[in-house]
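S.K.: First the structure, which I've put down as structure tokens, then a few questions once you've had a look.
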Amino acid sequence: MTLVWSGLALGAVYALVAIGYNLVYLSSHTFNFAQAQLMMVGTFVAYTGLVVLRLPVVVVAILAIVVVALAAAIEERVAVRPVPDHQTQLVTTLGVATVLNGLTQLIWGGQPLTVPFFGSEDLVSLLGGRVYPVELVLIGLAVLLVVVLAWLANRSMLGIALIGMAEDRDATQLLGIDVRKIAFWVFAASGALAGALGLFVGPKTYAVATLGAALALKGFVALAIGGFGSLPGALVGGLAVGLVESLAARYLGAEFSNLAVFVLLLVVLMTRPTGLFGRLRERVV
Amino acid sequence: MGAPLVGLWRGVRALPSWALPLALAVVVLLLPFAGLGFSATRQIQLALILALLVSGLNLSLGYAGELALGQPAMYAAGAYTAGIMSVAGTTDVLVQLVAGGVVALVVGLVTGVPGLRLGSWSLAMTSFFLVLVLPDVIAILEPITGGRNGLSGIPGPTLLGQVLDDTGLYILLVVVAALWFAFMRNIVVSRHGVAFRVLKQSPVLASSVGISVFRMKLVGYALGAIPAGLAGVLFANLDLYIAPEAFGFTIATTVLAASILGGTASVYGALVGAAVMQFGPNQSSAFQEYALVFYGVFLVVGGVLLSGGLSGLARRAAARLDRSADIRPAPVPRGDGPSPDGELSGLAGASLEVVGLEKSFGGNRALHGVDFAATPGRVTALIGPNGSGKTTMLNMICGFYSTDAGTITLDGEAVQHLPSYRVARAGVARTFQTPNIPGGLTVEQAVAAGRYSTEHVSMVGSVVHSRRFRHVRRADATEVARALAVVGMEHLADAEAAALPLGMRRQLEVARALVARPRVLLLDEAASGLDEAEVARLALAIRRIRDAGGTVVLVEHNFRLVLELADQIVVLAQGAVIGAGPPEVIEHEPRVLAEYLGVTPEDVAGSALGAAAVVVEEPVNSDNRTGGTS
Amino acid sequence: MTEPGRAALAVRDLATGYGDLRVVRNVSFEVHPGRVTALLGRNGAGKTSTLRAVAGLNPVSAGTVQLDGADISKLATHRRIRLGIAFVQEGKRVLHRQTVEQNLLLGGFGHSRRRSALASSVDEIYELFPMLADRRGLLAGALSGGQQQMLAIGTALMTRPRVLLLDEPSGGLAPVVVAEVLDRITELKTTGLAILLVEQAVEAALRVADDVAVLESGRVALAGSAPDLDDLELLRGAYFGTTPSTGP
């Protein structure tokens with residue numbers, strides 16, 4: 001059970017990345033390769049704020065939100081908006097991801113840094129397993145975020161507009177809605193979210209410059225398994241990836257964990273090409 | 001531009017296109033003998049290895065149109081094949097090159113099939129993942145790969161029993177790279193290269209000229225594995241030590257950056273991009289920590305600014321120089337070229353018969369129980385209001401939609417279950433509502449694409465210019481010239497196809513459909529958007545095709561043209577045939593006027609308004625969402 | 001056009017298209033408050049392209065589009081909508097995955113982000129289309145074609161337009177539903193709305209139109225007030241191209 005908890009917590013991190021992918025995908029049909037790197041920057045800011053500067057948690061949270069949202073906003077203006085087609089956007093956002101990887105290495109070095117959790121750091125027993133509080137918080141956050149976002153998507157005007165944009169950008173524009181502006185702010189908001197989450201993800205994964213690449217890929221897989229554009233899909237996909245990865249590492253050996261996830265991805269794609277909850281079929285032509 | 005420069009440029013342009021690359025290869029080959037130091041030659045070797053990798057990516061990304069980042073995995077496959085063979089005692093590089101290429105090809109095929117079968121993002125995902133699991137696979141196979149510590153103690157390479165020294169290896173590397181680029185160039189300029197561009201522009205177009213989209217994409221992706229495998233073999237023999245780190249994400253991003261910088265859809269752009277990356281960010285170790293930032297900036301700036309990459313810039317610059325040097329005056333395409341006068345004979349048309357055709361889209365019945373027949377030597381026109389199912393029907397004949405019920409036969413042979421590219425190979429050719437013409441092709445090449453599946457030439461044959469290749473190339477030229485003459489465009493053979501005005505692009509599509517000597521020719525609103533002169537020329541071409549014995553099916557809104565051209569008119573409304581017959585009958589058929597114009601006969605006769613409006617009980621969408629216009 | 005007074009929408013010498021494909025070459029017409037202008041012509045004549053250019057979905061490559069005398073031809077689509085243009089696209093383009101009420105609310109997005117502030121406007125639409133009120137919680141994708149068309153019009157009205165562009169509102173609808181749509185159009189006309197109607201079914205269009213412009217090959221081939229044009233032989237000529245067009 002301990003293993004399951006830790007797998008689910010890891011899965012929750014992937015789910016959080018996938019949720020970020022989804023927000024941007026819904027608003028602009030862009031796949032932001034750098035989403036995981038934004039979250040990684042959040043973990044580093046959390047480290048600097050909490051460990052180096054010893055700032056209060058609230059201040060660190062605000063700092064992380066502002067820094068990462070700003071990075072995302074710049075990304076949108078520089079690497080997404082000027083690029084006409086989504087294929088090239090894959091390349092430019094990969095470029096931003098690479099820049100962020102490089103910058104964090106320059107600023108914080110290549111060694112993993114321990115980010116303390118501001119809550120309790122003592123193991124607790126739950127359902128026959130032992131689990132860190134931060135892991136429970138991560139799982140809870142992922143679930144909560146999906147519930148809240150799904151509620152907002154249905155109830156708030158902005159949410160309704162967002163779903164409208166995902167379905168028919170032209171028609172939404174014809175209702176007097178500035179779709180580009182919304183796409184921009186959603187991009188920035190996904191950055192703010194990634195920054196805030198850095199405080200929770202850091203304690204689980206360490207702040208390390210390779211974090212982005214690992215999260216990006218697993219987040220991507222979570223998204224593919226769950227289906228592009230689906231928030232519950234991102235959650236289920238993320239948790240499934242985390243569990244499979246942990247279980248395979250434990251029972252087959254560490255070097256089989258990624259392979260097991262790969263197999264999971266292939267199986268899901270073969271049986272359901274649009275993912276478990278997928279509805280938006282990508283136009284190939 | 002000054003006169004001497006113009007003269008120089010003219011001289012350069014007069015050389016065959018392979019002359020400059022060949023000269024470059026010779027110069028690079030001779031560099032060590034000109035006293036170039038060890039570190040410089042090593043940089044050149046690494047740049048060439050990178051160029052091979054980039055070239056492979058270009059084949060899949062630039063030509064087959066699939067973002068596939070699995071290059072490092074195939075690179076590793078080649079490198080480990082060579083390393084393991086050397087350790088086991090087989091040190092001959094030639095043997096290793098063959099083995100490495102084959103192993104990489106197998107890796108490409110095995111990983112490409114699942115990714116491509118699913119389409120869209122899947123290949124990008126699975127190939128990316130391949131790079132992630134690579135270190136794990138190497139670790140799992142530790143007994144033979146050395147695991148995470150790397151494979152060391154690889155003995156030096158030999159060539160035909162002789163030990164290969166540093167200079168020898170250098171020469172070998174340059175020769176292998178030169179041969180690969182020659183191979184790649186020959187493929188790209190052959191009909192296969194044209195097929196790749198057709199595929200990238202539009203899978204729908206590709207299948208409608210008989211290209212299997214899946215197979216072609218797989219070929220592009222798998223072929224791209226070969227240079228990666230070769231690069232791996234050469235790398236293993238250069239360093240005599242290989243470790244998993246060399247095949248990680250860094251190399252994947254470097255390759256992608258180099259590809260974009262050089263231009264993904266180019267042959268020699270790979271060399272330029274690889275050189276820039278190797279001598280730029282890869283260069284000094286002091287630079288190392290900034291390397292990632294620079295790669296990233298390259299990707300962003302490259303993606304934003306350099307559409308077409310450096311090679312695109314070069315091509316545009318060359319075109320400008322051409323103009324100022326007055327080498328090949330850009331043909332001014334005009335609608336009033338020579339009138340169509342090409343002779344066309346013996347088109348073996350087939351009878352197309354549609355019986356009881358049914359099709360629903362999610363509960364909306366687009367077609368129910370449609371019967372019609374088109375016979376050789378006649379023009380059969382399909383008319384009907386928007387959303388009556390005309391384009392749906394066309395797409396079903398072409399195999400883009402499956403039928404719910406009913407049969408479609410060509411001379412009695414059922415084709416309704418065939419995939420679209422097989423229908424095309426069975427002799428059905430078509431044009432599109434929105435002309436579908438790939439960029440970067442001449443009119444001649446674009447038309448020749450229509451013959452891709454009529455005569456087969458292997459890739460290898462194209463590379464070595466086999467007898468068959470030369471025979472088909474001649475036949476292509478003859479047929480293309482004939483088809484262009486039919487539509488009156490032979491004077492535009494060398495013009496850039498996609499840049500032609502609409503009317504010419506429509507004629508080009510007719511020529512492309514005609515060049516395969518189709519048994520059935522489907523024209524989807526070929527006259528829409530044309531002015532009167534252009535319509536007249538189109539009509540002339542259609543008559544010529546009919547008189548040669550072709551079976552022509554014309555979907556058209558221009559009623560006057562239909563009355564003028566058609567031997568038989570089939571009127572569709574609400575997904576069913578409401579009338580069929582010769583023009584003089586249809587013209588006066590009251591139901592047709594009612595459905596088509598939305599007026600009742602009394603109205604036409606001038607009486608008062610007020611009769612019930614005639615409407616169409618079918619979603620307008622089904623017609624607009626067909627593949628034909630994408 | 002015969003109607004005096006200021007036009008709500010004035011299109012002058014409009015040219016537009018997709019890429020280098022010039023679909024509309026030189027089109028001028030006006031739409032007046034409380035009147036319906038019908039834009040007729042056969043497929044490919046440039047009707048939809050004209051509407052798209054007016055709404056800003058296609059670039060205006062020459063000429064002007066004036067709303068109440070102000071040139072809007074350079075503005076982004078959402079700005080034009082907020083200034084008073086509304087466009088009901090062909091094919092009942094409602095948002096299928098959202099409820100009737102959510103669709104309507106989105107129409108009010110430009111005016112308020114608070115649902116409560118939009119409640120009264122939504123109720124007005126329900127009064128105009130009672131069948132929508134009964135189905136407010138249903139997904140729009142589950143509505144019938146006619147209901148979707150009403151919803152599309154209702155959503156467009158939520159933007160509080162002065163000019164309403166309707167592209168093929170009768171397309172794919174049963175005769176009785178078409179009659180209802182036409183009734184609504186007549187009703188809307190009396191509120192002072194200026195309506196530009198594109199219709200394939202000529203007779204349906206002439207039942208509600210006050211002014212008519214017939215497009216052929218991207219040009220206005222024939223224009224006048226609707227009663228002058230009820231000689232359908234003339235229209236038939238314009239459609240089938242059997243009479244010489246009046247040229248550019």
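Identifiers for the structure tokens are assigned positionally: chains receive A, B, ... in sequence, residues are indexed from 1 per chain, and ligands are indexed from 1 in the order shown.
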Dump as a Markdown table the rows for residues of chain A within 9 Å of chain B: closest atom pair and distance in Å with one decimal, only C-alpha atoms counted, ordered by chain and rising residue number.
M.R.:
| residue | atom | partner | partner_atom | distance |
| --- | --- | --- | --- | --- |
| A:Val78 | CA | B:Val300 | CA | 8.0 |
| A:Ala79 | CA | B:Val300 | CA | 6.0 |
| A:Val80 | CA | B:Val304 | CA | 8.7 |
| A:Pro82 | CA | B:Val304 | CA | 6.5 |
| A:Val83 | CA | B:Val304 | CA | 5.6 |
| A:Pro84 | CA | B:Val304 | CA | 8.7 |
| A:Gln87 | CA | B:Leu67 | CA | 8.0 |
| A:Thr88 | CA | B:Gly303 | CA | 6.0 |
| A:Gln89 | CA | B:Gly303 | CA | 7.5 |
| A:Val91 | CA | B:Leu299 | CA | 6.4 |
| A:Thr92 | CA | B:Val300 | CA | 4.3 |
| A:Thr93 | CA | B:Val300 | CA | 7.2 |
| A:Leu94 | CA | B:Gly296 | CA | 7.3 |
| A:Gly95 | CA | B:Gly296 | CA | 3.9 |
| A:Val96 | CA | B:Gly296 | CA | 5.7 |
| A:Ala97 | CA | B:Gly296 | CA | 7.1 |
| A:Thr98 | CA | B:Gly296 | CA | 4.7 |
| A:Val99 | CA | B:Val293 | CA | 4.2 |
| A:Leu100 | CA | B:Val293 | CA | 7.3 |
| A:Asn101 | CA | B:Leu292 | CA | 7.0 |
| A:Gly102 | CA | B:Leu292 | CA | 4.6 |
| A:Leu103 | CA | B:Val293 | CA | 6.4 |
| A:Gln105 | CA | B:Glu289 | CA | 7.6 |
| A:Leu106 | CA | B:Glu289 | CA | 6.6 |
| A:Ala213 | CA | B:Phe249 | CA | 8.4 |
| A:Ala214 | CA | B:Leu132 | CA | 8.6 |
| A:Leu217 | CA | B:Phe129 | CA | 7.3 |
| A:Phe220 | CA | B:Met125 | CA | 7.9 |
| A:Val221 | CA | B:Met125 | CA | 7.7 |
| A:Ala224 | CA | B:Ser122 | CA | 8.5 |
| A:Ala254 | CA | B:Asp136 | CA | 8.4 |
| A:Glu255 | CA | B:Asp136 | CA | 4.8 |
| A:Phe256 | CA | B:Asp136 | CA | 6.8 |
| A:Ser257 | CA | B:Asp136 | CA | 8.6 |
| A:Asn258 | CA | B:Val133 | CA | 5.9 |
| A:Leu259 | CA | B:Val133 | CA | 6.0 |
| A:Phe262 | CA | B:Phe129 | CA | 7.0 |
| A:Leu265 | CA | B:Thr126 | CA | 8.3 |
| A:Leu266 | CA | B:Pro114 | CA | 7.6 |
| A:Leu269 | CA | B:Leu118 | CA | 7.4 |
| A:Met270 | CA | B:Leu118 | CA | 7.3 |
| A:Pro273 | CA | B:Leu118 | CA | 6.3 |
| A:Glu282 | CA | B:Ser120 | CA | 6.7 |
| A:Arg283 | CA | B:Ser120 | CA | 7.5 |
| A:Val284 | CA | B:Ser120 | CA | 5.5 |
| A:Val285 | CA | B:Ser202 | CA | 6.1 |
S.K.: Write out as a ChimeraX atom specification each polymer residue whose atoms come within 12 Å of Leu105 of chain C, counting only C-alpha atoms; drop sequence neighbours fewer than 4 positions from it.
M.R.: /A:154-161,164,172,175-177 /C:95,98-101,109-123,125,136,151,154-159
S.K.: Would you kindly return, as an mmCIF file with C-alpha atoms, in the first residue's frame, each protein, DNA or RNA residue with an atom no farther than 9 Å from any atom of Gly212 of chain A, considering only C-alpha atoms and excluding same-chain residues fewer than 6 positions away?
M.R.:
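This is the output file selection.cif:
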data_model
loop_
_atom_site.group_PDB
_atom_site.id
_atom_site.type_symbol
_atom_site.label_atom_id
_atom_site.label_comp_id
_atom_site.auth_asym_id
_atom_site.auth_seq_id
_atom_site.Cartn_x
_atom_site.Cartn_y
_atom_site.Cartn_z
ATOM 1 C CA ALA A 34 7.333 23.768 -21.799
ATOM 2 C CA GLN A 35 4.499 23.227 -19.321
ATOM 3 C CA ALA A 36 6.528 20.817 -17.183
ATOM 4 C CA GLN A 37 9.531 23.126 -17.302
ATOM 5 C CA LEU A 38 7.355 25.925 -15.952
ATOM 6 C CA MET A 39 6.463 23.702 -13.031
ATOM 7 C CA MET A 40 10.130 22.877 -12.593
ATOM 8 C CA VAL A 41 10.946 26.587 -12.371
ATOM 9 C CA ALA A 97 11.491 24.187 -22.614
ATOM 10 C CA LEU A 100 14.240 26.955 -19.219
ATOM 11 C CA ASN A 101 16.234 23.746 -18.686
#
S.K.: Between C:Arg97, C:Arg135, C:Arg25, C:Arg82, which one has atoms that come closest to chain B, using only C-alpha atoms?
M.R.: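 For chain B, the nearest of the given residues is C:Arg25.
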S.K.: Report the residues of segment 69-143 of chain A whose backbone DSSP state falls under helix (DSSP H, G or I), written as an MDAnalysis selection string.
M.R.: chainID A and resid 69:80 86:108 133:143
S.K.: Between atom CA of Trp5 of chain A and atom CA of Val201 of chain A, what distance in Å does the model show, to one decimal?
M.R.: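 Atom CA of Val201 of chain A lies 14.9 Å from atom CA of Trp5 of chain A.
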S.K.: Taking into account only C-alpha atoms, which residue in the set B:Thr407, B:Ala485, B:Gln568, B:Gly389 is nearest to chain C?
M.R.: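 Ranked by minimum distance to chain C, first place goes to B:Gly389.
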S.K.: Do you know which residues are at most 12 Å from Asp165 of chain B counting only C-alpha atoms, after dropping those on the same chain fewer than 6 positions away, and could you put them as a PyMOL selection string?
M.R.: chain B and resi 156-159+171-172+237-238
S.K.: Could you take the residues named above and write them with N, CA, C and O atoms, as an mmCIF file, in the first residue's frame?
M.R.:
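The new file selection08.cif reads:
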data_model
loop_
_atom_site.group_PDB
_atom_site.id
_atom_site.type_symbol
_atom_site.label_atom_id
_atom_site.label_comp_id
_atom_site.auth_asym_id
_atom_site.auth_seq_id
_atom_site.Cartn_x
_atom_site.Cartn_y
_atom_site.Cartn_z
ATOM 1 N N GLY B 156 39.956 -0.884 -32.730
ATOM 2 C CA GLY B 156 39.916 0.040 -33.859
ATOM 3 C C GLY B 156 39.349 -0.613 -35.105
ATOM 4 O O GLY B 156 39.343 -1.836 -35.239
ATOM 5 N N PRO B 157 38.860 0.219 -36.024
ATOM 6 C CA PRO B 157 38.202 -0.309 -37.227
ATOM 7 C C PRO B 157 39.202 -0.850 -38.246
ATOM 8 O O PRO B 157 40.361 -0.432 -38.281
ATOM 9 N N THR B 158 38.730 -1.771 -39.055
ATOM 10 C CA THR B 158 39.520 -2.224 -40.194
ATOM 11 C C THR B 158 38.669 -2.106 -41.447
ATOM 12 O O THR B 158 37.440 -2.021 -41.370
ATOM 13 N N LEU B 159 39.362 -2.055 -42.585
ATOM 14 C CA LEU B 159 38.640 -1.997 -43.851
ATOM 15 C C LEU B 159 39.256 -3.035 -44.774
ATOM 16 O O LEU B 159 40.431 -2.930 -45.119
ATOM 17 N N ILE B 171 38.354 9.822 -44.241
ATOM 18 C CA ILE B 171 37.966 9.715 -45.649
ATOM 19 C C ILE B 171 36.713 8.852 -45.790
ATOM 20 O O ILE B 171 35.776 9.207 -46.509
ATOM 21 N N LEU B 172 36.695 7.750 -45.045
ATOM 22 C CA LEU B 172 35.536 6.876 -45.110
ATOM 23 C C LEU B 172 34.263 7.638 -44.728
ATOM 24 O O LEU B 172 33.233 7.542 -45.396
ATOM 25 N N ASN B 237 33.126 3.929 -34.173
ATOM 26 C CA ASN B 237 34.496 3.701 -34.615
ATOM 27 C C ASN B 237 35.377 4.921 -34.439
ATOM 28 O O ASN B 237 36.596 4.821 -34.391
ATOM 29 N N LEU B 238 34.740 6.077 -34.341
ATOM 30 C CA LEU B 238 35.501 7.311 -34.138
ATOM 31 C C LEU B 238 35.948 7.414 -32.683
ATOM 32 O O LEU B 238 37.096 7.704 -32.388
#
S.K.: List the neighbours of segment 207-224 of chain C out to 6 Å using only C-alpha atoms; skip same-chain residues closer than 5 positions along the sequence, and give me the result as a ChimeraX atom specification.
M.R.: /C:1,23-27,35-41,45-46,245-246
